[in-house]
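S.K.: Mind having a look at this structure? Questions to follow.
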Amino acid sequence: MARPGPKLTRIATTLGVSAATVSNALSGKGRVSAELAEKIRATATELGYVPSQAGRALRTGRSGVIGLVLPDISNPLFPQIAQAIEFAASSAGYGVLIADSRGDVAVQTRAIERLIERGVEGMVIVPRRGTRIADVGCPVAVVDTPSTPGNTVAADHWDGGRQIAEHLLKLGHRRLLIIGNNPASNVQNDRIGGLRSALGEGVRVETLWIERLEQVAGRGCPLGLAGKVARGVTAFAAVSDLHALRALTELQRAGIHVPEQASVTGFDDLIWSPVVTPALTTVRMDMARIAAIAIEALVQAIGTREAEPRPLGAPVAATISKVPMQLVVRQSTATPPPNVQPPPNVQPPPNVQPPIVSEGEPQP
């Protein structure tokens, strides 16, 4: 068993001073000469002294901890978000307590209450879809989508959808199926809105909501994508890589080759997206930047509250509210089959493309 680190009393005994003097020297408080304070710090370092976070919280009223509430820790996207938040918080001198709302509003409320009970100084909340975060008793940074009221910072999901649409249009696709999961999701609606905004007239597009389909046909039911291909759909644009993988799997099981017969795109660039076959064309979030902006805004709000206590209201604001997404072109998209003719009077998209990341062989 590891032995506990030395306490203040051991440092005090070693130097022949009081524990209070040691405490004052290490905290920078009280009347301790510079020479003695330096000697105390040197002895503490030599003995391997580590300050007690609990003791510091009792003395200062500060826990040095922020809370992070996620909507579904089983979704591969959210551990990536948690890692980015933890790194940004650690760089700012804070620890992180993580809670999972499991997609339930009541559980989200209880998670927030438990974090408050544990004395967090602030929170980062990725809200359960369609919910708004009001005053919770401490500064809060909300990471959802720029169109969400009170959002602090998020990826520009609308523009991410636009980039996907322009990529598919440039390849020549004119019959698209957008695959969403739940129409109550602000993020999914923004992604779909961005997609539709760039398609223009003459492009045939429809949206399939998985949750609505499963309410009728059962969880995990087929999406009917082979029938869509038979009716002329050449591209499937999913609002997440998880749904894109479901589409890709269903098409391949039906004997439809991707991307030769149908293209598939996703969102989020999850860890497995480059290694599925074919590798998935998707849109990547800059989670490190989003986390850094959220934590910076939160820490600033915590400092302002300590200096001048005031009633809390809306979540904290950041200088930058939306962070650009990046199109990542891989092997799941290509030109549509040559026997598929576009509808008449379709104008080609403008020859203006945002910066993209191309991985693997160049696409035609």
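In the structure tokens, chains take letters A, B, ... by order of appearance, with residues numbered from 1 within each chain and ligands from 1 in the order shown.
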Per residue of region 67-178 of chain A within 10 Å of region 213-237 of chain A, record the nearest atom pair and its distance in Å to one decimal, counting only C-alpha atoms, with rows in chain order and ascending residue number, as a tab-separated table.
M.R.:
residue	atom	partner	partner_atom	distance
A:Gly161	CA	A:Ala237	CA	9.0
A:Ile164	CA	A:Ala237	CA	7.8
A:Ala165	CA	A:Ala237	CA	8.3
A:Leu168	CA	A:Ala235	CA	7.6
A:Leu169	CA	A:Ala235	CA	9.9
A:Gly172	CA	A:Thr234	CA	9.5
A:His173	CA	A:Thr234	CA	6.4
A:Arg174	CA	A:Thr234	CA	7.6
A:Arg175	CA	A:Val233	CA	4.7
A:Leu176	CA	A:Ala235	CA	5.0
A:Leu177	CA	A:Phe236	CA	4.9
A:Ile178	CA	A:Ala237	CA	4.7
S.K.: Run DSSP on the backbone of this structure and report the residues of region 24-143 of chain A it assigns to alpha helix (DSSP H), as a PyMOL selection string.
M.R.: chain A and resi 24-27+34-47+53-60+77-91+105-117
S.K.: For the strand (DSSP E) assignment from backbone DSSP, which residues of region 17-175 of chain A qualify? Please present them as a list of chain:residue names.
M.R.: A:Val65, A:Ile66, A:Gly67, A:Leu68, A:Val69, A:Leu70, A:Gly95, A:Val96, A:Leu97, A:Ile98, A:Ala99, A:Asp100, A:Gly122, A:Met123, A:Val124, A:Ile125, A:Val140, A:Ala141, A:Val142, A:Ala154, A:Ala155, A:Arg175
S.K.: To one decimal place, how far is CA of Lys170 (chain A) from CA of Thr277 (chain A) in Å?
M.R.: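 So the answer is 22.8 Å.
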S.K.: Go through region 230-311 of chain A residue by residue and, counting only C-alpha atoms, keep those with an atom at most 10 Å from region 326-329 of chain A; for each kept residue give the shortest atom pair and its distance in Å to one decimal, ordered by chain and increasing number, as JSON lines.
M.R.:
{"residue": "A:Thr265", "atom": "CA", "partner": "A:Val329", "partner_atom": "CA", "distance": 9.1}
{"residue": "A:Gly266", "atom": "CA", "partner": "A:Val328", "partner_atom": "CA", "distance": 9.9}
{"residue": "A:Phe267", "atom": "CA", "partner": "A:Leu327", "partner_atom": "CA", "distance": 9.1}
{"residue": "A:Asp268", "atom": "CA", "partner": "A:Gln326", "partner_atom": "CA", "distance": 9.6}
{"residue": "A:Asp269", "atom": "CA", "partner": "A:Val328", "partner_atom": "CA", "distance": 8.0}
{"residue": "A:Pro274", "atom": "CA", "partner": "A:Val328", "partner_atom": "CA", "distance": 9.7}
{"residue": "A:Ala279", "atom": "CA", "partner": "A:Val329", "partner_atom": "CA", "distance": 9.0}
{"residue": "A:Leu280", "atom": "CA", "partner": "A:Val329", "partner_atom": "CA", "distance": 7.6}
{"residue": "A:Thr281", "atom": "CA", "partner": "A:Val329", "partner_atom": "CA", "distance": 4.7}
{"residue": "A:Thr282", "atom": "CA", "partner": "A:Val328", "partner_atom": "CA", "distance": 5.4}
{"residue": "A:Val283", "atom": "CA", "partner": "A:Leu327", "partner_atom": "CA", "distance": 4.5}
{"residue": "A:Arg284", "atom": "CA", "partner": "A:Gln326", "partner_atom": "CA", "distance": 5.1}
{"residue": "A:Met285", "atom": "CA", "partner": "A:Gln326", "partner_atom": "CA", "distance": 6.7}
{"residue": "A:Asp286", "atom": "CA", "partner": "A:Gln326", "partner_atom": "CA", "distance": 8.0}
S.K.: At a cut-off of 7 Å, using only C-alpha atoms, what residues contact Pro146 (chain A)? Leave out same-chain residues fewer than 2 positions from it and give the result as a VMD selection string.
M.R.: chain A and resid 144 148 151 153 to 154 156 321 to 322
S.K.: Export N, CA, C and O atoms of the chosen residues as a short mmCIF file (atom, residue, chain, number, x, y, z; two decimals), in the first residue's frame?
M.R.:
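Okay, part19.cif is ready:
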data_model
loop_
_atom_site.label_atom_id
_atom_site.label_comp_id
_atom_site.auth_asym_id
_atom_site.auth_seq_id
_atom_site.Cartn_x
_atom_site.Cartn_y
_atom_site.Cartn_z
N ASP A 144 -23.82 23.21 -27.51
CA ASP A 144 -24.87 22.53 -28.24
C ASP A 144 -24.77 22.87 -29.71
O ASP A 144 -24.09 22.19 -30.47
N THR A 148 -29.07 27.36 -30.66
CA THR A 148 -29.69 27.10 -29.36
C THR A 148 -29.64 28.35 -28.49
O THR A 148 -28.55 28.90 -28.28
N ASN A 151 -26.61 29.28 -26.01
CA ASN A 151 -25.42 28.49 -26.33
C ASN A 151 -24.15 29.32 -26.13
O ASN A 151 -24.10 30.50 -26.48
N VAL A 153 -20.68 28.08 -26.96
CA VAL A 153 -19.84 27.86 -28.14
C VAL A 153 -20.15 26.47 -28.67
O VAL A 153 -20.53 25.57 -27.91
N ALA A 154 -20.03 26.29 -29.97
CA ALA A 154 -20.28 24.98 -30.58
C ALA A 154 -19.71 24.97 -31.98
O ALA A 154 -19.32 26.01 -32.52
N ASP A 156 -20.01 24.83 -35.99
CA ASP A 156 -20.97 25.43 -36.91
C ASP A 156 -21.63 24.30 -37.70
O ASP A 156 -21.26 23.99 -38.83
N SER A 321 -18.77 32.19 -30.79
CA SER A 321 -19.89 31.31 -30.49
C SER A 321 -19.94 30.07 -31.39
O SER A 321 -20.59 29.09 -31.04
N LYS A 322 -19.29 30.12 -32.54
CA LYS A 322 -19.30 28.96 -33.41
C LYS A 322 -17.94 28.75 -34.04
O LYS A 322 -17.26 29.71 -34.42
#
S.K.: Rank A:Ala42, A:Ile133, A:Leu199, A:Ala318 by their smallest atom-to-atom distance to Thr109 (chain A), using only C-alpha atoms, and report the top residue only.
M.R.: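 Nearest candidate to Thr109 (chain A) out of A:Ala42, A:Ile133, A:Leu199, A:Ala318: A:Ile133.
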S.K.: Which one is closest to Ala82 (chain A): A:Val187, A:Leu68, A:Arg41, A:Ile112? Count only C-alpha atoms.
M.R.: A:Leu68
S.K.: Determine the nearest neighbour of Asn182 (chain A) from the options A:Gly202, A:Arg162, A:Arg128, A:Val96, counting only C-alpha atoms.
M.R.: A:Arg128
S.K.: Do you know which residues are at most 10 Å from Arg102 (chain A) counting only C-alpha atoms, after dropping those on the same chain fewer than 2 positions away, and could you put them as a list of chain:residue names?
M.R.: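 Once the adjacent positions are removed, what remains is A:Val69, A:Leu70, A:Pro71, A:Asp72, A:Ile73, A:Ser74, A:Asn75, A:Ala99, A:Asp100, A:Asp104, A:Val105, A:Ala106, A:Val107, A:Gln108, A:Arg128.
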